[in-house]
Amino acid sequence: MKSGKRNRRFRRIGVALTAWLMVGAGFAHGEDVSLIYAGTLLAVPGEAPLTQQTIIIENDRIRGVRAGYMNAEAVLGPDDHLAAIYDLKDQWVLPGLIDGHVHLTSENNPQGRLQTVQLSDPDRAILAAFYAQKTLMAGFTSVRDVGARGGDAIFALRDGINRGYVPGPRIFAAGSTISITGGHADGTQGYRDDIAEVLHSSGVCNGADDCRKAVREQVRRGADQIKITATGGVLSNTAAGLGKQFSDEELAAIIDAAHAMGRKVTAHAHGVDGINAALKAGIDSIEHGTYLDRASIRLFKRTGAYLVPTILAGVTVTEWANDPNSFLTPPQRAKAKIVGPRMLEMARLAHEGGVKIAFGTDSGVSAHGDNAREFGLLVEAGMTPMEAIKAATVDGADNLGQSANLGTIEVGKKADIVAVKENPLQNIDALLSVSFVMKDGTMFKQE
Ligand SMILES: [Zn+2]
């Protein structure tokens with residue numbers, strides 16, 4: 001009773017103090033304004049670069065972009081406060097990069113299967129914070145996390161980053177992946193029954209009604225979008241092939257339930273039966289797309305769905321499959337040998353066919369922070385460097401439904417800005433060494 005009263009009194013004092021400080025801050029500072037002098041600016045990747053530009057940043061958003069290097073006095077209003085000037089006159093400046101396919105709460109390693117039963121959810125959250133920081137420092141200011149272990153760890157990390165408690169990219173989280181029992185994202189394969197029961201995921205469902213519920217359950221938990229495994233996959237410990245796993249009825253129910261609650265749905269899919277079934281059911285994007293064919297390409301173009309090719313994942317599992325000492329289990333190795341080498345050719349086919357491509361790496365299969373390796377692979381698959389950059393900015397934002405906030409350096413957008421010291425349009429691997437990172441108007445890296 002006594003301590004309750006005391007707490008209430010402290011709370012009242014706290015509220016009064018906060019209000020006073022906020023009013024005080026308003027009078028003293030006006031808006032925080034920063035300037036970036038950009039030698040070469042890819043404000044809207046896909047359009048011609050501009051030279052010698054000033055980017056004006058107000059708090060967390062872009063107030064404007066002006067030709068020439070403007071003096072602070074010329075652009076600041078009477079109440080504005082100059083927070084910083086960043087001199088990137090000798091650099092190539094572009095929008096913050098967007099990776100549409102990561103798994104921040106894990107990274108494949110020989111201890112992975114043991115860690116599944118050893119790491120607590122808080123362990124996963126701390127691990128994910130470590131990987132998130134690496135990702136941000138590599139220039140990726142937004143990511144879509146498409147399936148996370150560790151309970152609510154990914155949501156806690158997303159919210160903590162948004163509040164500024166820990167550094168990391170803006171996260172769009174799917175929560176648990178929707179999968180059939182024994183399917184690719186039912187992570188219990190190969191564990192004894194009582195352990196499997198403990199590891200059971202809220203994303204595992206069977207039948208249309210159950211799958212609607214699994215989708216709604218992810219939305220209830222805080223999911224920004226829904227991820228499903230439409231087909232088998234390489235790194236699940238089961239010899240269940242790479243073909244279609246959900247029935248057409250289940251696919252329709254999942255997509256309907258997600259769209260009704262304003263969530264996009266993306267599908268992990270290797271086998272062409274699963275790719276085409278998901279596209280016909282109205283899926284918003286396909287991850288991997290390994291065995292897509294001409295009919296898939298027609299469906300992609302008809303529905304406007306994005307493909308996220310994740311070639312880096314293919315390259316990574318191929319390396320493991322060819323290493324006799326790697327930690328892959330026999331079913332994993334057999335599938336990796338088939339899928340890995342196929343992905344570069346698949347991306348070439350899709351690009352030539354005019355499929356919309358968004359950048360994604362499947363980091364967590366490959367190492368977090370190596371995300372930019374995908375750029376070189378996209379160029380190997382036939383994209384120009386500009387197209388590859390557009391896939392990770394303009395198109396990456398569109399794939400997330402975030403074009404109003406992300407993907408370009410234009411008035412009103414979030415101030416997510418990166419820079420490199422070499423021309424990425426001549427050497428795409430320049431993006432492997434990002435020298436400047438700003439997210440939400442806050443500078444995290446300057447070299
Ligand atoms: Zn993945």
# chains A, B, ... in the order shown; residues from 1 in each chain; ligands from 1
>>> residues_near_ligand(ligand="ligand 1", cutoff="8 Å", atoms="only C-alpha atoms and all ligand atoms", output="MDAnalysis selection string")
chainID A and resid 101:103 146:147 268 287 362:365
>>> residues_around(residues="A:Ile311", least_positions_apart="5", cutoff="12 Å", atoms="only C-alpha atoms", output="PyMOL selection string")
chain A and resi 101+287-290+316-318+339-348+357-363+365-366+371-381
>>> write_last_selection(atoms="C-alpha atoms", output="compact mmCIF listing (two decimals), in the first residue's frame")
# COMPACT_ATOMS: atom_id res chain seq x y z
CA HIS A 101 15.43 -11.80 -46.84
CA GLU A 287 11.81 -16.26 -52.19
CA HIS A 288 14.54 -18.32 -53.96
CA GLY A 289 12.45 -19.41 -57.01
CA THR A 290 14.98 -22.11 -57.88
CA THR A 316 26.89 -20.72 -49.68
CA VAL A 317 25.15 -24.11 -49.55
CA THR A 318 27.08 -25.25 -52.66
CA VAL A 339 19.68 -26.43 -55.50
CA GLY A 340 22.86 -24.39 -55.03
CA PRO A 341 24.27 -24.40 -58.56
CA ARG A 342 20.83 -23.74 -60.10
CA MET A 343 20.17 -20.32 -58.55
CA LEU A 344 22.42 -18.11 -60.68
CA GLU A 345 20.85 -19.48 -63.88
CA MET A 346 17.37 -19.06 -62.39
CA ALA A 347 18.04 -15.39 -61.64
CA ARG A 348 19.30 -14.86 -65.19
CA ILE A 357 13.46 -8.57 -58.67
CA ALA A 358 14.04 -7.38 -55.10
CA PHE A 359 17.38 -7.81 -53.36
CA GLY A 360 17.64 -10.51 -50.68
CA THR A 361 20.43 -12.68 -49.32
CA ASP A 362 19.08 -15.23 -46.84
CA SER A 363 21.75 -13.97 -44.41
CA VAL A 365 22.54 -19.04 -44.11
CA SER A 366 25.50 -16.89 -45.19
CA ASN A 371 24.89 -9.06 -47.43
CA ALA A 372 26.48 -6.94 -50.17
CA ARG A 373 28.01 -10.07 -51.77
CA GLU A 374 24.61 -10.53 -53.44
CA PHE A 375 25.22 -7.43 -55.61
CA GLY A 376 28.07 -9.07 -57.54
CA LEU A 377 25.98 -12.22 -58.02
CA LEU A 378 23.03 -10.22 -59.39
CA VAL A 379 25.41 -8.59 -61.88
CA GLU A 380 26.78 -12.05 -62.77
CA ALA A 381 23.17 -13.06 -63.45
>>> residues_around(residues="A:Trp92", least_positions_apart="4", cutoff="6 Å", atoms="only C-alpha atoms", output="PyMOL selection string")
chain A and resi 40-41+419-420
>>> write_last_selection(atoms="C-alpha atoms", output="mmCIF file, in the first residue's frame")
data_model
loop_
_atom_site.group_PDB
_atom_site.id
_atom_site.type_symbol
_atom_site.label_atom_id
_atom_site.label_comp_id
_atom_site.auth_asym_id
_atom_site.auth_seq_id
_atom_site.Cartn_x
_atom_site.Cartn_y
_atom_site.Cartn_z
ATOM 1 C CA THR A 40 27.846 11.982 -56.647
ATOM 2 C CA LEU A 41 24.271 11.285 -55.609
ATOM 3 C CA ALA A 419 28.075 6.142 -49.154
ATOM 4 C CA VAL A 420 30.997 4.360 -50.781
#
>>> residues_around(residues="A:Thr238", least_positions_apart="2", cutoff="7 Å", atoms="only C-alpha atoms", output="NGL selection string")
:A and (189 or 236 or 240 or 331)
>>> residues_around(residues="stretch 257-267 of chain A", least_positions_apart="3", cutoff="7 Å", atoms="only C-alpha atoms", output="list in words")
Arg212, Val215, Asp224, Gln225, Ile226, Lys227, Ile228, Thr229, Ala230, Ala253, Ile254, Ile283, Asp284, Ser285, Ile286 and Glu287 of chain A
>>> write_last_selection(atoms="N, CA and C atoms", output="PDB file, in the first residue's frame")
ATOM      1  N   ARG A 212      -5.356 -20.391 -41.406  1.00  0.00           N
ATOM      2  CA  ARG A 212      -5.849 -19.028 -41.145  1.00  0.00           C
ATOM      3  C   ARG A 212      -5.467 -18.610 -39.728  1.00  0.00           C
ATOM      4  N   VAL A 215      -1.799 -17.753 -39.304  1.00  0.00           N
ATOM      5  CA  VAL A 215      -1.500 -16.418 -39.839  1.00  0.00           C
ATOM      6  C   VAL A 215      -1.928 -15.351 -38.826  1.00  0.00           C
ATOM      7  N   ASP A 224       4.864  -8.043 -39.122  1.00  0.00           N
ATOM      8  CA  ASP A 224       4.654  -7.004 -40.135  1.00  0.00           C
ATOM      9  C   ASP A 224       4.248  -7.604 -41.467  1.00  0.00           C
ATOM     10  N   GLN A 225       4.642  -8.858 -41.702  1.00  0.00           N
ATOM     11  CA  GLN A 225       4.216  -9.572 -42.903  1.00  0.00           C
ATOM     12  C   GLN A 225       4.233 -11.060 -42.578  1.00  0.00           C
ATOM     13  N   ILE A 226       3.745 -11.857 -43.528  1.00  0.00           N
ATOM     14  CA  ILE A 226       3.642 -13.298 -43.318  1.00  0.00           C
ATOM     15  C   ILE A 226       4.599 -14.009 -44.266  1.00  0.00           C
ATOM     16  N   LYS A 227       5.312 -14.997 -43.725  1.00  0.00           N
ATOM     17  CA  LYS A 227       6.215 -15.814 -44.537  1.00  0.00           C
ATOM     18  C   LYS A 227       5.732 -17.252 -44.476  1.00  0.00           C
ATOM     19  N   ILE A 228       5.672 -17.899 -45.637  1.00  0.00           N
ATOM     20  CA  ILE A 228       5.278 -19.310 -45.666  1.00  0.00           C
ATOM     21  C   ILE A 228       6.339 -20.123 -46.400  1.00  0.00           C
ATOM     22  N   THR A 229       6.350 -21.423 -46.122  1.00  0.00           N
ATOM     23  CA  THR A 229       7.203 -22.309 -46.917  1.00  0.00           C
ATOM     24  C   THR A 229       6.286 -23.089 -47.858  1.00  0.00           C
ATOM     25  N   ALA A 230       6.215 -22.609 -49.108  1.00  0.00           N
ATOM     26  CA  ALA A 230       5.327 -23.216 -50.097  1.00  0.00           C
ATOM     27  C   ALA A 230       5.863 -24.555 -50.599  1.00  0.00           C
ATOM     28  N   ALA A 253      -6.325 -19.805 -48.180  1.00  0.00           N
ATOM     29  CA  ALA A 253      -6.735 -19.365 -46.840  1.00  0.00           C
ATOM     30  C   ALA A 253      -5.678 -18.473 -46.197  1.00  0.00           C
ATOM     31  N   ILE A 254      -4.428 -18.860 -46.350  1.00  0.00           N
ATOM     32  CA  ILE A 254      -3.318 -18.083 -45.762  1.00  0.00           C
ATOM     33  C   ILE A 254      -3.286 -16.676 -46.358  1.00  0.00           C
ATOM     34  N   ILE A 283       0.099 -14.770 -54.181  1.00  0.00           N
ATOM     35  CA  ILE A 283       1.208 -14.451 -53.277  1.00  0.00           C
ATOM     36  C   ILE A 283       1.848 -13.130 -53.707  1.00  0.00           C
ATOM     37  N   ASP A 284       2.405 -12.376 -52.749  1.00  0.00           N
ATOM     38  CA  ASP A 284       2.989 -11.075 -53.071  1.00  0.00           C
ATOM     39  C   ASP A 284       4.429 -11.182 -53.557  1.00  0.00           C
ATOM     40  N   SER A 285       5.146 -12.220 -53.105  1.00  0.00           N
ATOM     41  CA  SER A 285       6.524 -12.408 -53.576  1.00  0.00           C
ATOM     42  C   SER A 285       6.949 -13.849 -53.367  1.00  0.00           C
ATOM     43  N   ILE A 286       7.983 -14.228 -54.127  1.00  0.00           N
ATOM     44  CA  ILE A 286       8.554 -15.577 -54.044  1.00  0.00           C
ATOM     45  C   ILE A 286      10.017 -15.443 -53.624  1.00  0.00           C
ATOM     46  N   GLU A 287      10.418 -16.216 -52.632  1.00  0.00           N
ATOM     47  CA  GLU A 287      11.814 -16.261 -52.189  1.00  0.00           C
ATOM     48  C   GLU A 287      12.495 -17.470 -52.845  1.00  0.00           C
TER      49      GLU A 287
END
>>> closest_residue(among="A:His270, A:Arg158, A:Arg163, A:Arg149", to="A:Ser202", atoms="only C-alpha atoms")
A:Arg149
>>> closest_residue(among="A:Asn325, A:Ser403, A:Thr177, A:Thr384", to="A:Asn427", atoms="only C-alpha atoms")
A:Thr384
